[in-house]
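Have a look at work.tsv below; it lists TSV, C-alpha atoms.
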chain	number	residue	atom	x	y	z
A	18	TRP	CA	0.00	0.00	0.00
A	19	ARG	CA	2.75	2.44	0.95
A	20	ALA	CA	4.64	1.58	-2.24
A	21	ARG	CA	1.53	2.42	-4.29
A	22	GLU	CA	1.14	5.73	-2.46
A	23	ARG	CA	4.77	6.67	-3.11
A	24	CYS	CA	4.39	5.73	-6.78
A	25	LYS	CA	1.24	7.89	-6.97
A	26	SER	CA	3.17	10.78	-5.38
A	27	SER	CA	5.94	10.38	-7.97
A	28	ILE	CA	3.40	10.52	-10.81
A	29	GLU	CA	1.82	13.66	-9.32
A	30	MET	CA	5.20	15.32	-9.06
A	31	SER	CA	5.88	14.48	-12.70
A	32	LYS	CA	2.62	16.25	-13.53
A	33	ILE	CA	3.81	19.28	-11.56
A	34	VAL	CA	7.12	19.33	-13.45
A	35	SER	CA	5.20	19.25	-16.72
A	36	GLU	CA	2.98	22.13	-15.63
A	37	VAL	CA	5.95	24.22	-14.51
A	38	LEU	CA	7.84	23.66	-17.75
A	39	SER	CA	4.73	24.45	-19.80
A	40	ALA	CA	4.22	27.68	-17.87
A	41	ASN	CA	7.88	28.53	-18.38
A	42	GLU	CA	7.56	28.09	-22.13
A	43	ALA	CA	4.68	30.56	-22.18
A	44	TYR	CA	6.62	33.01	-20.00
A	45	ALA	CA	9.78	32.76	-22.12
A	46	ALA	CA	7.75	33.32	-25.31
A	47	GLY	CA	6.81	36.77	-24.07
A	48	PHE	CA	10.11	37.53	-22.32
A	49	GLY	CA	10.77	40.57	-24.48
A	50	ASP	CA	13.66	42.77	-23.39
A	51	LYS	CA	13.85	41.46	-19.80
A	52	GLY	CA	17.18	39.87	-20.69
A	53	SER	CA	18.71	43.34	-20.60
A	54	LEU	CA	17.68	44.05	-17.01
A	55	ALA	CA	20.56	45.15	-14.78
A	56	LEU	CA	21.77	42.91	-11.94
A	57	PRO	CA	21.19	45.47	-9.14
A	58	PRO	CA	17.51	46.00	-8.28
A	59	ALA	CA	16.23	49.12	-10.01
A	60	ARG	CA	14.20	50.40	-7.05
A	61	HIS	CA	17.00	49.80	-4.54
A	62	PHE	CA	15.08	47.98	-1.82
A	63	ALA	CA	14.74	44.48	-0.38
A	64	ILE	CA	11.95	42.52	1.29
A	65	LEU	CA	12.38	39.74	3.85
A	66	THR	CA	9.15	37.75	3.99
A	67	CYS	CA	7.63	34.31	4.49
A	68	MET	CA	7.61	31.42	2.03
A	69	ASP	CA	3.85	30.92	2.54
A	70	ALA	CA	2.21	30.09	-0.80
A	71	ARG	CA	-0.59	32.63	-0.18
A	72	LEU	CA	1.87	35.52	-0.31
A	73	ASP	CA	2.84	37.06	-3.64
A	74	PRO	CA	5.27	39.93	-2.94
A	75	ALA	CA	5.24	40.96	-6.59
A	76	LYS	CA	1.53	41.68	-6.26
A	77	TYR	CA	1.21	43.00	-2.70
A	78	ALA	CA	4.26	45.28	-3.13
A	79	GLY	CA	3.80	46.18	-6.79
A	80	LEU	CA	6.99	44.61	-8.12
A	81	SER	CA	8.10	43.83	-11.64
A	82	GLU	CA	11.15	41.79	-12.63
A	83	GLY	CA	14.31	43.68	-11.74
A	84	ASP	CA	12.68	45.97	-9.16
A	85	ALA	CA	13.73	44.59	-5.78
A	86	HIS	CA	15.28	41.70	-3.88
A	87	VAL	CA	12.83	39.32	-2.19
A	88	ILE	CA	14.30	37.02	0.46
A	89	ARG	CA	11.99	34.28	1.70
A	90	ASN	CA	12.12	31.67	4.44
A	91	ALA	CA	9.73	29.97	6.86
A	92	GLY	CA	8.19	32.84	8.82
A	93	GLY	CA	10.17	35.63	7.17
A	94	ARG	CA	12.55	35.45	10.11
A	95	ALA	CA	15.85	37.29	10.49
A	96	SER	CA	17.98	34.17	10.50
A	97	ASP	CA	21.73	34.30	9.97
A	98	ASP	CA	21.19	33.38	6.34
A	99	ALA	CA	18.53	36.06	5.84
A	100	ILE	CA	20.93	38.68	7.22
A	101	ARG	CA	23.66	37.30	4.96
A	102	SER	CA	21.41	37.92	1.95
A	103	LEU	CA	20.46	41.41	3.11
A	104	VAL	CA	24.09	42.38	3.63
A	105	ILE	CA	24.96	41.19	0.11
A	106	SER	CA	21.88	43.00	-1.19
A	107	HIS	CA	23.23	46.31	0.12
A	108	LYS	CA	26.99	45.92	0.01
A	109	LEU	CA	27.27	44.53	-3.50
A	110	LEU	CA	23.96	45.35	-5.13
A	111	GLY	CA	23.01	48.71	-3.70
A	112	THR	CA	19.71	48.32	-1.86
A	113	ARG	CA	19.07	51.23	0.48
A	114	GLU	CA	15.80	50.33	2.26
A	115	TRP	CA	14.61	47.04	3.73
A	116	PHE	CA	11.22	45.63	4.71
A	117	VAL	CA	10.51	42.80	7.15
A	118	ILE	CA	7.04	41.47	6.33
A	119	HIS	CA	5.40	38.69	8.34
A	120	HIS	CA	1.77	37.62	7.85
A	121	THR	CA	-1.28	36.56	9.82
A	122	ASP	CA	-2.28	32.89	10.10
A	123	CYS	CA	1.35	31.81	9.75
A	124	GLY	CA	2.26	28.15	10.07
A	125	MET	CA	5.17	29.13	12.33
A	126	GLU	CA	2.59	29.90	15.04
A	127	LEU	CA	1.36	26.30	15.03
A	128	PHE	CA	4.33	24.47	16.50
A	129	THR	CA	7.30	24.80	18.82
A	130	ASP	CA	10.89	23.63	18.60
A	131	ASP	CA	10.00	20.66	20.81
A	132	ILE	CA	7.04	19.65	18.62
A	133	ILE	CA	8.93	19.60	15.32
A	134	SER	CA	12.03	17.96	16.77
A	135	ASP	CA	9.86	15.24	18.32
A	136	LEU	CA	8.02	14.65	15.02
A	137	LEU	CA	11.31	14.44	13.12
A	138	SER	CA	12.71	11.98	15.61
A	139	LYS	CA	9.92	9.54	14.68
A	140	SER	CA	9.70	9.98	10.90
A	141	LEU	CA	10.80	12.28	8.08
A	142	ASP	CA	7.45	11.91	6.30
A	143	THR	CA	4.88	14.72	6.27
A	144	ALA	CA	3.01	15.05	9.58
A	145	GLU	CA	-0.67	15.93	10.07
A	146	ILE	CA	-2.49	18.33	12.37
A	147	ASP	CA	-6.00	18.10	13.80
A	148	GLY	CA	-7.86	19.24	16.89
A	149	SER	CA	-5.54	17.28	19.13
A	150	GLY	CA	-2.38	18.76	17.61
A	151	TRP	CA	0.42	17.46	15.41
A	152	HIS	CA	0.96	13.74	14.89
A	153	GLU	CA	2.45	11.30	12.41
A	154	SER	CA	0.18	10.18	9.58
A	155	ALA	CA	-0.99	6.58	9.42
A	156	SER	CA	1.31	5.99	6.45
A	157	ALA	CA	4.41	7.54	8.07
A	158	LYS	CA	7.46	5.37	7.87
A	159	GLY	CA	10.54	5.66	10.06
A	160	PRO	CA	13.23	6.01	10.97
A	161	GLY	CA	13.41	9.67	11.88
A	162	SER	CA	16.38	11.69	13.09
A	163	SER	CA	17.28	13.37	16.37
A	164	THR	CA	19.19	16.10	14.50
A	165	GLY	CA	16.16	18.39	14.64
A	166	LYS	CA	16.61	19.03	18.36
A	167	TYR	CA	19.86	20.88	17.64
A	168	ILE	CA	18.19	23.37	15.27
A	169	LYS	CA	16.67	26.69	16.34
A	170	TRP	CA	13.48	26.67	14.27
A	171	LEU	CA	12.57	30.35	14.90
A	172	THR	CA	8.93	29.60	15.58
A	173	ILE	CA	6.49	32.38	16.54
A	174	PRO	CA	4.92	32.11	20.03
A	175	ASN	CA	1.14	31.83	19.76
A	176	HIS	CA	-0.74	34.01	22.25
A	177	GLY	CA	-4.12	33.49	20.64
A	178	HIS	CA	-4.26	36.43	18.23
A	179	SER	CA	-2.23	36.22	15.04
A	180	LEU	CA	-1.59	39.94	14.51
A	181	GLU	CA	-0.51	40.36	18.13
A	182	ASN	CA	1.76	37.32	17.81
A	183	HIS	CA	3.54	38.95	14.89
A	184	LYS	CA	3.93	42.40	16.43
A	185	SER	CA	6.56	41.06	18.81
A	186	ALA	CA	8.09	38.75	16.20
A	187	VAL	CA	8.47	41.51	13.58
A	188	LEU	CA	9.99	43.80	16.21
A	189	GLU	CA	12.39	41.04	17.24
A	190	ASP	CA	13.50	40.49	13.65
A	191	VAL	CA	13.94	44.20	12.88
A	192	VAL	CA	15.98	44.66	16.06
A	193	ARG	CA	18.15	41.66	15.20
A	194	ILE	CA	18.90	43.04	11.74
A	195	ARG	CA	19.43	46.55	13.10
A	196	SER	CA	21.86	45.20	15.71
A	197	SER	CA	24.05	43.35	13.22
A	198	PRO	CA	27.53	44.88	12.97
A	199	LEU	CA	27.35	44.22	9.21
A	200	VAL	CA	24.30	46.43	8.69
A	201	PRO	CA	24.91	50.18	8.17
A	202	LYS	CA	22.95	52.46	10.50
A	203	TYR	CA	21.77	54.59	7.57
A	204	ILE	CA	19.59	51.81	6.11
A	205	PRO	CA	15.96	52.12	7.31
A	206	ILE	CA	14.23	48.85	8.15
A	207	TYR	CA	10.43	48.84	8.06
A	208	GLY	CA	8.24	46.34	9.92
A	209	TYR	CA	4.90	45.11	8.52
A	210	VAL	CA	2.41	42.26	8.76
A	211	TYR	CA	0.49	41.13	5.68
A	212	ASP	CA	-3.14	40.25	6.45
A	213	VAL	CA	-4.00	37.08	4.51
A	214	LYS	CA	-7.74	37.83	4.89
A	215	ASN	CA	-7.71	41.14	3.00
A	216	GLY	CA	-4.29	41.49	1.33
A	217	ARG	CA	-3.34	44.65	3.26
A	218	LEU	CA	0.00	45.50	4.84
A	219	VAL	CA	-0.26	46.60	8.47
A	220	GLU	CA	2.65	48.62	9.79
A	221	ILE	CA	4.15	47.57	13.12
A	222	LYS	CA	5.10	51.05	14.26
A	223	GLU	CA	7.36	49.86	17.08
A	224	ALA	CA	9.36	47.80	14.62
A	225	THR	CA	9.69	50.61	12.06
A	226	ALA	CA	10.80	52.93	14.87
A	227	ALA	CA	13.40	50.39	16.02
A	228	GLY	CA	14.64	50.09	12.45
A	229	ALA	CA	14.86	53.82	11.79
A	230	ALA	CA	18.01	55.06	10.10
A	231	SER	CA	20.45	57.15	12.09

Structure rendered as structure tokens:
Amino acid sequence: WRARERCKSSIEMSKIVSEVLSANEAYAAGFGDKGSLALPPARHFAILTCMDARLDPAKYAGLSEGDAHVIRNAGGRASDDAIRSLVISHKLLGTREWFVIHHTDCGMELFTDDIISDLLSKSLDTAEIDGSGWHESASAKGPGSSTGKYIKWLTIPNHGHSLENHKSAVLEDVVRIRSSPLVPKYIPIYGYVYDVKNGRLVEIKEATAAGAAS
């Protein structure tokens, strides 16, 4: 049964590859003069945001190809690697303003470091969540790995209200970036939360104030 499910998954992924390549053909056919775009972003700014599939920074921030850098990870967190990208974005490619944009209803609010490390220790297959919390699916197959307990997953504490959860998290990320010795004080860092229910950006004033240029 599990073998059949894995075979089915492989077929579905092949369908996805086909769809992606077909879409790429259509995109390339109308590529026009985009091949002449400069390497540095034309509008000189960068966005750090979440990888959530509901977020489209090109649409919610009005971007076209070549406009800005968009750095994405789980939660839009100011990890070491995110800061690495931002520093390169400024130092070598000339961005002068940065945004940190989290969003409501984020998956990073739904688990803790202990939860994900425990799940990974049992199996590497995709877990499930229901009213009782996270658990392994009936088809999950071990072994897992204990390596997850050594990773800082940068989850977002859930206090019951998504926007309130992200106010402190956005502030924390802006402060972490602002405090980096590799980040010039003259770069302003703005803090926002994207509302997945209406598509609007909500400024976190405390974060923008903490990220103000000096």

Taking all atoms listed in the file into account, which of A:Ile64, A:Ala55, A:Ala95, A:Ala186 comes nearest A:Thr112?
->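 With all atoms listed in the file as the atom set, the closest residue is A:Ile64.
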
Counting only C-alpha atoms, which of A:Val191, A:Val200, A:Leu180, A:Ala157 gets nearest to A:His107?
-> A:Val200

Nearest to A:Thr172: which of A:Lys139, A:Lys222, A:Arg94, A:His119 is it, counting all atoms listed in the file?
->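 With all atoms listed in the file as the atom set, the closest residue is A:Arg94.
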
Around (10.3, 15.5, 12.0), as given in the file, which residues come within 12 Å? Count all atoms listed in the file and list them as a PDB file with C-alpha atoms, keeping the file's coordinate frame.
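Okay, part.pdb is ready:
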ATOM      1  CA  PHE A 128       4.330  24.470  16.500  1.00  0.00           C
ATOM      2  CA  THR A 129       7.300  24.800  18.820  1.00  0.00           C
ATOM      3  CA  ASP A 130      10.890  23.630  18.600  1.00  0.00           C
ATOM      4  CA  ASP A 131      10.000  20.660  20.810  1.00  0.00           C
ATOM      5  CA  ILE A 132       7.040  19.650  18.620  1.00  0.00           C
ATOM      6  CA  ILE A 133       8.930  19.600  15.320  1.00  0.00           C
ATOM      7  CA  SER A 134      12.030  17.960  16.770  1.00  0.00           C
ATOM      8  CA  ASP A 135       9.860  15.240  18.320  1.00  0.00           C
ATOM      9  CA  LEU A 136       8.020  14.650  15.020  1.00  0.00           C
ATOM     10  CA  LEU A 137      11.310  14.440  13.120  1.00  0.00           C
ATOM     11  CA  SER A 138      12.710  11.980  15.610  1.00  0.00           C
ATOM     12  CA  LYS A 139       9.920   9.540  14.680  1.00  0.00           C
ATOM     13  CA  SER A 140       9.700   9.980  10.900  1.00  0.00           C
ATOM     14  CA  LEU A 141      10.800  12.280   8.080  1.00  0.00           C
ATOM     15  CA  ASP A 142       7.450  11.910   6.300  1.00  0.00           C
ATOM     16  CA  THR A 143       4.880  14.720   6.270  1.00  0.00           C
ATOM     17  CA  ALA A 144       3.010  15.050   9.580  1.00  0.00           C
ATOM     18  CA  GLU A 145      -0.670  15.930  10.070  1.00  0.00           C
ATOM     19  CA  TRP A 151       0.420  17.460  15.410  1.00  0.00           C
ATOM     20  CA  HIS A 152       0.960  13.740  14.890  1.00  0.00           C
ATOM     21  CA  GLU A 153       2.450  11.300  12.410  1.00  0.00           C
ATOM     22  CA  SER A 154       0.180  10.180   9.580  1.00  0.00           C
ATOM     23  CA  ALA A 157       4.410   7.540   8.070  1.00  0.00           C
ATOM     24  CA  LYS A 158       7.460   5.370   7.870  1.00  0.00           C
ATOM     25  CA  GLY A 159      10.540   5.660  10.060  1.00  0.00           C
ATOM     26  CA  PRO A 160      13.230   6.010  10.970  1.00  0.00           C
ATOM     27  CA  GLY A 161      13.410   9.670  11.880  1.00  0.00           C
ATOM     28  CA  SER A 162      16.380  11.690  13.090  1.00  0.00           C
ATOM     29  CA  SER A 163      17.280  13.370  16.370  1.00  0.00           C
ATOM     30  CA  THR A 164      19.190  16.100  14.500  1.00  0.00           C
ATOM     31  CA  GLY A 165      16.160  18.390  14.640  1.00  0.00           C
ATOM     32  CA  LYS A 166      16.610  19.030  18.360  1.00  0.00           C
ATOM     33  CA  ILE A 168      18.190  23.370  15.270  1.00  0.00           C
ATOM     34  CA  TRP A 170      13.480  26.670  14.270  1.00  0.00           C
TER      35      TRP A 170
END

Compile the contact shell of A:Met68 as a list in words: residues with an atom at most 7 Å away, counting all atoms listed in the file, same-chain residues fewer than 5 positions apart removed.
-> Arg89, Asn90, Ala91 and Gly92 of chain A

A:Leu56, A:Val37, A:Ala230, A:Val187: which is nearest A:Pro205, counting only C-alpha atoms?
-> A:Ala230

By how many Å are atom CA of A:Ser31 and atom CA of A:Val87 apart?
->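 Separation between atom CA of A:Ser31 and atom CA of A:Val87: 27.9 Å.
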
Ref. answer, residues at most 10 Å from (22.4, 47.3, 0.9) with only C-alpha atoms, as a PDB file with C-alpha atoms, keeping the file's coordinate frame:
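Written out: point-v3.pdb:
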ATOM      1  CA  HIS A  61      17.000  49.800  -4.540  1.00  0.00           C
ATOM      2  CA  PHE A  62      15.080  47.980  -1.820  1.00  0.00           C
ATOM      3  CA  ALA A  63      14.740  44.480  -0.380  1.00  0.00           C
ATOM      4  CA  SER A 102      21.410  37.920   1.950  1.00  0.00           C
ATOM      5  CA  LEU A 103      20.460  41.410   3.110  1.00  0.00           C
ATOM      6  CA  VAL A 104      24.090  42.380   3.630  1.00  0.00           C
ATOM      7  CA  ILE A 105      24.960  41.190   0.110  1.00  0.00           C
ATOM      8  CA  SER A 106      21.880  43.000  -1.190  1.00  0.00           C
ATOM      9  CA  HIS A 107      23.230  46.310   0.120  1.00  0.00           C
ATOM     10  CA  LYS A 108      26.990  45.920   0.010  1.00  0.00           C
ATOM     11  CA  LEU A 109      27.270  44.530  -3.500  1.00  0.00           C
ATOM     12  CA  LEU A 110      23.960  45.350  -5.130  1.00  0.00           C
ATOM     13  CA  GLY A 111      23.010  48.710  -3.700  1.00  0.00           C
ATOM     14  CA  THR A 112      19.710  48.320  -1.860  1.00  0.00           C
ATOM     15  CA  ARG A 113      19.070  51.230   0.480  1.00  0.00           C
ATOM     16  CA  GLU A 114      15.800  50.330   2.260  1.00  0.00           C
ATOM     17  CA  TRP A 115      14.610  47.040   3.730  1.00  0.00           C
ATOM     18  CA  VAL A 200      24.300  46.430   8.690  1.00  0.00           C
ATOM     19  CA  PRO A 201      24.910  50.180   8.170  1.00  0.00           C
ATOM     20  CA  TYR A 203      21.770  54.590   7.570  1.00  0.00           C
ATOM     21  CA  ILE A 204      19.590  51.810   6.110  1.00  0.00           C
TER      22      ILE A 204
END

Two-atom distance - atom CA of A:Glu189, atom CA of A:Ile100 (Å) | 13.4 Å

What does the distance from atom CA of A:Gly208 to atom CA of A:Ala85 come to in Å, to one decimal?
->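 Calculated distance between atom CA of A:Gly208 and atom CA of A:Ala85 is 16.7 Å.
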
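Of the residues listed (A:Val219, A:Leu171, A:Ala40, A:Ala75), A:Val219 shows the shortest atom-to-atom separation from A:Val117; distances use all atoms listed in the file.
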
Skip A:Tyr77 itself and residues of its chain fewer than 3 positions away, then list as a list of chain:residue names all residues within 10 Å of it, counting all atoms listed in the file.
-> A:Leu72, A:Asp73, A:Pro74, A:Leu80, A:Tyr211, A:Gly216, A:Arg217, A:Leu218

Residue nearest A:Ile206 among A:Ala46, A:Ala229, A:Gly150, A:His183 (counting all atoms listed in the file) |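 Using all atoms listed in the file, A:Ile206 sits closest to A:Ala229.
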
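For A:Gly93, the set of protein, DNA and RNA residues having any atom at most 6 Å away, when counting all atoms listed in the file and skipping those fewer than 5 positions along the same chain, is Leu65, Thr66, Cys67 and His119 of chain A.
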